[in-house]
Number of protein chains: 2
Amino acid sequence: MKKLFTPGPLTTSAETKQVMLEDYGSRDAYFINLIAEVRSELLKIAELEKEKYSVVLMQGAGTFGLESLVSSVFDKDDYLLILINGAYGRRFQRMAEIHGVKHLVCEFPENEEITAEKIAHLMYQHSFTHCTIVHCETTTGIINDIESVGELCEQEDIFFLVDAMSSFGAVPINFNECAISALVSSSNKCIEGVPGFSFTIISNVLLQYAKGKSKTLSLDLYDQWKGLEKDGQFRFTPPVHAIVAFRKALELLKNEGGIKARSKRYQQNNQILIDGMSKLGFELYLNPEYQGYIISSFVYPNQFWFDFKVFYNKLNERGFVIYPGKLSDADCFRIGNIGQIFPEDVKALLAAIETVTNEMKEF
Amino acid sequence: MKKLFTPGPLTTSAETKQVMLEDYGSRDAYFINLIAEVRSELLKIAELEKEKYSVVLMQGAGTFGLESLVSSVFDKDDYLLILINGAYGRRFQRMAEIHGVKHLVCEFPENEEITAEKIAHLMYQHSFTHCTIVHCETTTGIINDIESVGELCEQEDIFFLVDAMSSFGAVPINFNECAISALVSSSNKCIEGVPGFSFTIISNVLLQYAKGKSKTLSLDLYDQWKGLEKDGQFRFTPPVHAIVAFRKALELLKNEGGIKARSKRYQQNNQILIDGMSKLGFELYLNPEYQGYIISSFVYPNQFWFDFKVFYNKLNERGFVIYPGKLSDADCFRIGNIGQIFPEDVKALLAAIETVTNEMKEF
């Protein structure tokens, strides 16, 4: 079985996939209980109480979850500040444009961290009601400073919306310190489930604000929550097998020692990767101080023998799947180290990269 | 393992689920080829050529696929005729309202079939550009006459949009005779895959008409198609495991003998069910001439001993999952006979119903 060094869909554990070998009725008590367990477990690992926050599961990819948020929590007079330093930040902009959300874009270079200091002047000049940020920009792997930005949002009484797609479950996030109003992630990221749905952890204040504001039927965040609360069921057919797998993945996260332990494993993976790649002569795109431990971007070696397609295919033949780049201003490839990836897997990848680059140089 | 006598998610074959035990990179060549295979196989079983029709897969439940259609193929001056005889017809109305599609509703009783004859006068009075219908209304199990309605749409030069969620793969549909512009179904219905995505088979004329008309990012039918055509990939993370399972399910459909053979098996199942239920004293909600062979609605027996919840739970304990009703004017429960359900399973269900009703009468 190939090892996926991608930002997801990831290599998941055999146990997680094993539970998909059974079919369940989507309106059956067993499955309804299972949905409730998933929702309450997500609240628990976020260290939140149901008096203040709720969990809404939404069918589809992570982007469906983000769009369910952007198309559900804005009134016509609201004003959104969109913080961008990569493709996923720009996706927020695209959604705001489509749904007619009044917004201001504040875009930084892709290798520059977003902090409160850099945006405070904007906050003071404008009367924003909402602010969006991407926690770990998968474009580069940079981790933005959601603590300081969140604190600023709280001071200014602004709803703070966080795309934590690639970070939730692996990077500890303190909802209170970051004053998060809503956070979106998906089943196939650091919880290590299979793809099929996203989840939003949303403050009850913002959730109530969303009532009746949705611009779609399927992606109505409030109605989806209401349905789940009413009879424990999804309004429309849920991805049953993916949800059953996710429940197992949550159990395995607990067994591993929770977010702290997983964070430690991913950090180890990442350190071994970065050290090893450096020894092999590959350069990180980001300044190391901004480099997160989820995914890393490496600059294409500026040498005659390097051809990404050949590099990718040769690694693939050896059972290692890496990821192309997504930067607007530099040629990079990416290597993720999340999922069921352990130090020995990273070492095996590095050995394969050494072999492959030697082959390519000789050719 | 319980047998699901529901309209989906269904009991699927062990082989279909087995292939979900492996993880694939969503941008990897193997998976990209697999998506292409699924798309071309769907065209094949619909007996269509790619010069005239295209297949678009969309993450999420069937409703997401329907909404991707309704939110993508209407211009502001278009005029939609919505034909309704159940909850799924009304869902079209809800979506038209949300997306500001100018429309006229033509609603029939839930036990009455929709035919061209009944709506021709409306077609002549108004200048519709589009018309929606539900092929098999899962609310009751009724099959509407899409041949005559489609022919009328063709005469009037109207785009004909068909919700064939519960029928595609089991009820033969002739796209040309029915003059279908777009048909939506989902992975967890008669193809017998697991839930996770929908698919739309759309005429290239309507597809081109949809360019730039979408009201959302995630559900943009044209852009989704364009992405699939460009590099074979989904724009946003696909439900990899559900798609891999669907490919296997398509293979098994072929092995069974295609739509014709599957149709025959479902008809057998349904005949055994209806005869058996009649012998046990249960009455069909629909006039038998309108009764489809996908799912059947039975009226609650008007007798002191009958309590649906008890009935449901007792059958469930014995490993048979049936389905509650959804009618607005009658108390019914539903029994589906699609999925990996064979005559012996239906007989086993009937035996269980006999035991359970006897127990309930004695109590």
# chains A, B, ... in the order shown; residues from 1 in each chain; ligands from 1
call {"tool": "closest_atom_pairs", "arguments": {"of": "chain B", "to": "chain A", "cutoff": "8 Å", "atoms": "only C-alpha atoms", "output": "JSON lines"}}
result
{"residue": "B:Met1", "atom": "CA", "partner": "A:Glu22", "partner_atom": "CA", "distance": 7.2}
{"residue": "B:Lys2", "atom": "CA", "partner": "A:Tyr24", "partner_atom": "CA", "distance": 7.7}
{"residue": "B:Leu4", "atom": "CA", "partner": "A:Gly25", "partner_atom": "CA", "distance": 6.4}
{"residue": "B:Thr6", "atom": "CA", "partner": "A:Gly25", "partner_atom": "CA", "distance": 7.5}
{"residue": "B:Gly8", "atom": "CA", "partner": "A:Gly25", "partner_atom": "CA", "distance": 7.6}
{"residue": "B:Pro9", "atom": "CA", "partner": "A:Gly25", "partner_atom": "CA", "distance": 6.2}
{"residue": "B:Leu10", "atom": "CA", "partner": "A:Asp23", "partner_atom": "CA", "distance": 7.1}
{"residue": "B:Thr11", "atom": "CA", "partner": "A:Asp23", "partner_atom": "CA", "distance": 5.8}
{"residue": "B:Thr12", "atom": "CA", "partner": "A:Asp23", "partner_atom": "CA", "distance": 7.0}
{"residue": "B:Ala14", "atom": "CA", "partner": "A:Leu21", "partner_atom": "CA", "distance": 7.1}
{"residue": "B:Lys17", "atom": "CA", "partner": "A:Leu21", "partner_atom": "CA", "distance": 5.3}
{"residue": "B:Gln18", "atom": "CA", "partner": "A:Leu21", "partner_atom": "CA", "distance": 6.5}
{"residue": "B:Met20", "atom": "CA", "partner": "A:Lys17", "partner_atom": "CA", "distance": 6.8}
{"residue": "B:Leu21", "atom": "CA", "partner": "A:Lys17", "partner_atom": "CA", "distance": 5.3}
{"residue": "B:Glu22", "atom": "CA", "partner": "A:Met1", "partner_atom": "CA", "distance": 7.2}
{"residue": "B:Asp23", "atom": "CA", "partner": "A:Thr11", "partner_atom": "CA", "distance": 5.8}
{"residue": "B:Tyr24", "atom": "CA", "partner": "A:Pro9", "partner_atom": "CA", "distance": 7.4}
{"residue": "B:Gly25", "atom": "CA", "partner": "A:Pro9", "partner_atom": "CA", "distance": 6.2}
{"residue": "B:Ser26", "atom": "CA", "partner": "A:Pro9", "partner_atom": "CA", "distance": 6.5}
{"residue": "B:Asp28", "atom": "CA", "partner": "A:Val321", "partner_atom": "CA", "distance": 7.6}
{"residue": "B:Gln59", "atom": "CA", "partner": "A:Gly60", "partner_atom": "CA", "distance": 4.8}
{"residue": "B:Gly60", "atom": "CA", "partner": "A:Gly60", "partner_atom": "CA", "distance": 4.4}
{"residue": "B:Ala61", "atom": "CA", "partner": "A:Thr237", "partner_atom": "CA", "distance": 5.3}
{"residue": "B:Gly62", "atom": "CA", "partner": "A:Thr237", "partner_atom": "CA", "distance": 7.3}
{"residue": "B:Thr63", "atom": "CA", "partner": "A:Phe236", "partner_atom": "CA", "distance": 6.7}
{"residue": "B:Phe64", "atom": "CA", "partner": "A:Ser218", "partner_atom": "CA", "distance": 5.8}
{"residue": "B:Glu67", "atom": "CA", "partner": "A:Ser218", "partner_atom": "CA", "distance": 7.2}
{"residue": "B:Arg94", "atom": "CA", "partner": "A:Leu217", "partner_atom": "CA", "distance": 7.8}
{"residue": "B:Met95", "atom": "CA", "partner": "A:Leu217", "partner_atom": "CA", "distance": 6.4}
{"residue": "B:Ile98", "atom": "CA", "partner": "A:Thr216", "partner_atom": "CA", "distance": 6.3}
{"residue": "B:His99", "atom": "CA", "partner": "A:Thr216", "partner_atom": "CA", "distance": 7.2}
{"residue": "B:Val194", "atom": "CA", "partner": "A:His241", "partner_atom": "CA", "distance": 7.3}
{"residue": "B:Pro195", "atom": "CA", "partner": "A:Pro239", "partner_atom": "CA", "distance": 4.9}
{"residue": "B:Gly196", "atom": "CA", "partner": "A:Pro239", "partner_atom": "CA", "distance": 4.8}
{"residue": "B:Phe197", "atom": "CA", "partner": "A:Gly60", "partner_atom": "CA", "distance": 7.7}
{"residue": "B:Lys215", "atom": "CA", "partner": "A:Ile98", "partner_atom": "CA", "distance": 6.7}
{"residue": "B:Thr216", "atom": "CA", "partner": "A:Ile98", "partner_atom": "CA", "distance": 6.3}
{"residue": "B:Leu217", "atom": "CA", "partner": "A:Met95", "partner_atom": "CA", "distance": 6.4}
{"residue": "B:Ser218", "atom": "CA", "partner": "A:Phe64", "partner_atom": "CA", "distance": 5.8}
{"residue": "B:Phe236", "atom": "CA", "partner": "A:Ala61", "partner_atom": "CA", "distance": 6.2}
{"residue": "B:Thr237", "atom": "CA", "partner": "A:Ala61", "partner_atom": "CA", "distance": 5.3}
{"residue": "B:Pro238", "atom": "CA", "partner": "A:Ala61", "partner_atom": "CA", "distance": 6.6}
{"residue": "B:Pro239", "atom": "CA", "partner": "A:Gly196", "partner_atom": "CA", "distance": 4.8}
{"residue": "B:Val240", "atom": "CA", "partner": "A:Pro195", "partner_atom": "CA", "distance": 6.5}
{"residue": "B:His241", "atom": "CA", "partner": "A:Val194", "partner_atom": "CA", "distance": 7.3}
{"residue": "B:Val321", "atom": "CA", "partner": "A:Gly25", "partner_atom": "CA", "distance": 7.0}
call {"tool": "select_by_dssp", "arguments": {"residues": "range 173-236 of chain B", "states": "helix (DSSP H, G or I)", "output": "PyMOL selection string"}}
result
chain B and resi 175-178+204-209+221-231
call {"tool": "residues_around", "arguments": {"residues": "Lys264 in chain B", "least_positions_apart": "5", "cutoff": "9 Å", "atoms": "only C-alpha atoms", "output": "list in words"}}
result
Ala170, Ile259 and Asn269 of chain B
call {"tool": "residues_around", "arguments": {"residues": "Ser297 in chain A", "least_positions_apart": "5", "cutoff": "7 Å", "atoms": "only C-alpha atoms", "output": "list in words"}}
result
Thr140, Gly141, Leu284, Tyr285, Cys332, Phe333, Arg334 and Ile335 of chain A
call {"tool": "closest_residue", "arguments": {"among": "B:Glu251, B:Glu117, B:Glu137, B:Asp77", "to": "Gly150 in chain B", "atoms": "only C-alpha atoms"}}
result
B:Glu117
call {"tool": "closest_residue", "arguments": {"among": "B:Leu80, B:Val38, B:Ala249, B:Ile143", "to": "Leu57 in chain B", "atoms": "only C-alpha atoms"}}
result
B:Val38
call {"tool": "residues_around", "arguments": {"residues": "range 346-355 of chain B", "least_positions_apart": "6", "cutoff": "7 Å", "atoms": "only C-alpha atoms", "output": "PyMOL selection string"}}
result
chain B and resi 269+272-273+276+280+315+320
call {"tool": "closest_residue", "arguments": {"among": "B:Val205, B:Ile45, B:Met165, B:Leu122", "to": "Gly89 in chain B", "atoms": "only C-alpha atoms"}}
result
B:Met165
call {"tool": "atom_distance", "arguments": {"atom1": "CA of Gly339 in chain A", "atom2": "CA of Ser263 in chain A"}}
result
11.2 Å
call {"tool": "closest_residue", "arguments": {"among": "A:Ile142, A:Leu161, A:Gly193, A:Met360", "to": "Val244 in chain A", "atoms": "only C-alpha atoms"}}
result
A:Gly193
call {"tool": "residues_around", "arguments": {"residues": "Asn204 in chain A", "least_positions_apart": "3", "cutoff": "8 Å", "atoms": "only C-alpha atoms", "output": "ChimeraX atom specification"}}
result
/A:51-54,207-208
call {"tool": "atom_distance", "arguments": {"atom1": "CA of Thr200 in chain A", "atom2": "CA of Asp163 in chain B"}}
result
29.6 Å
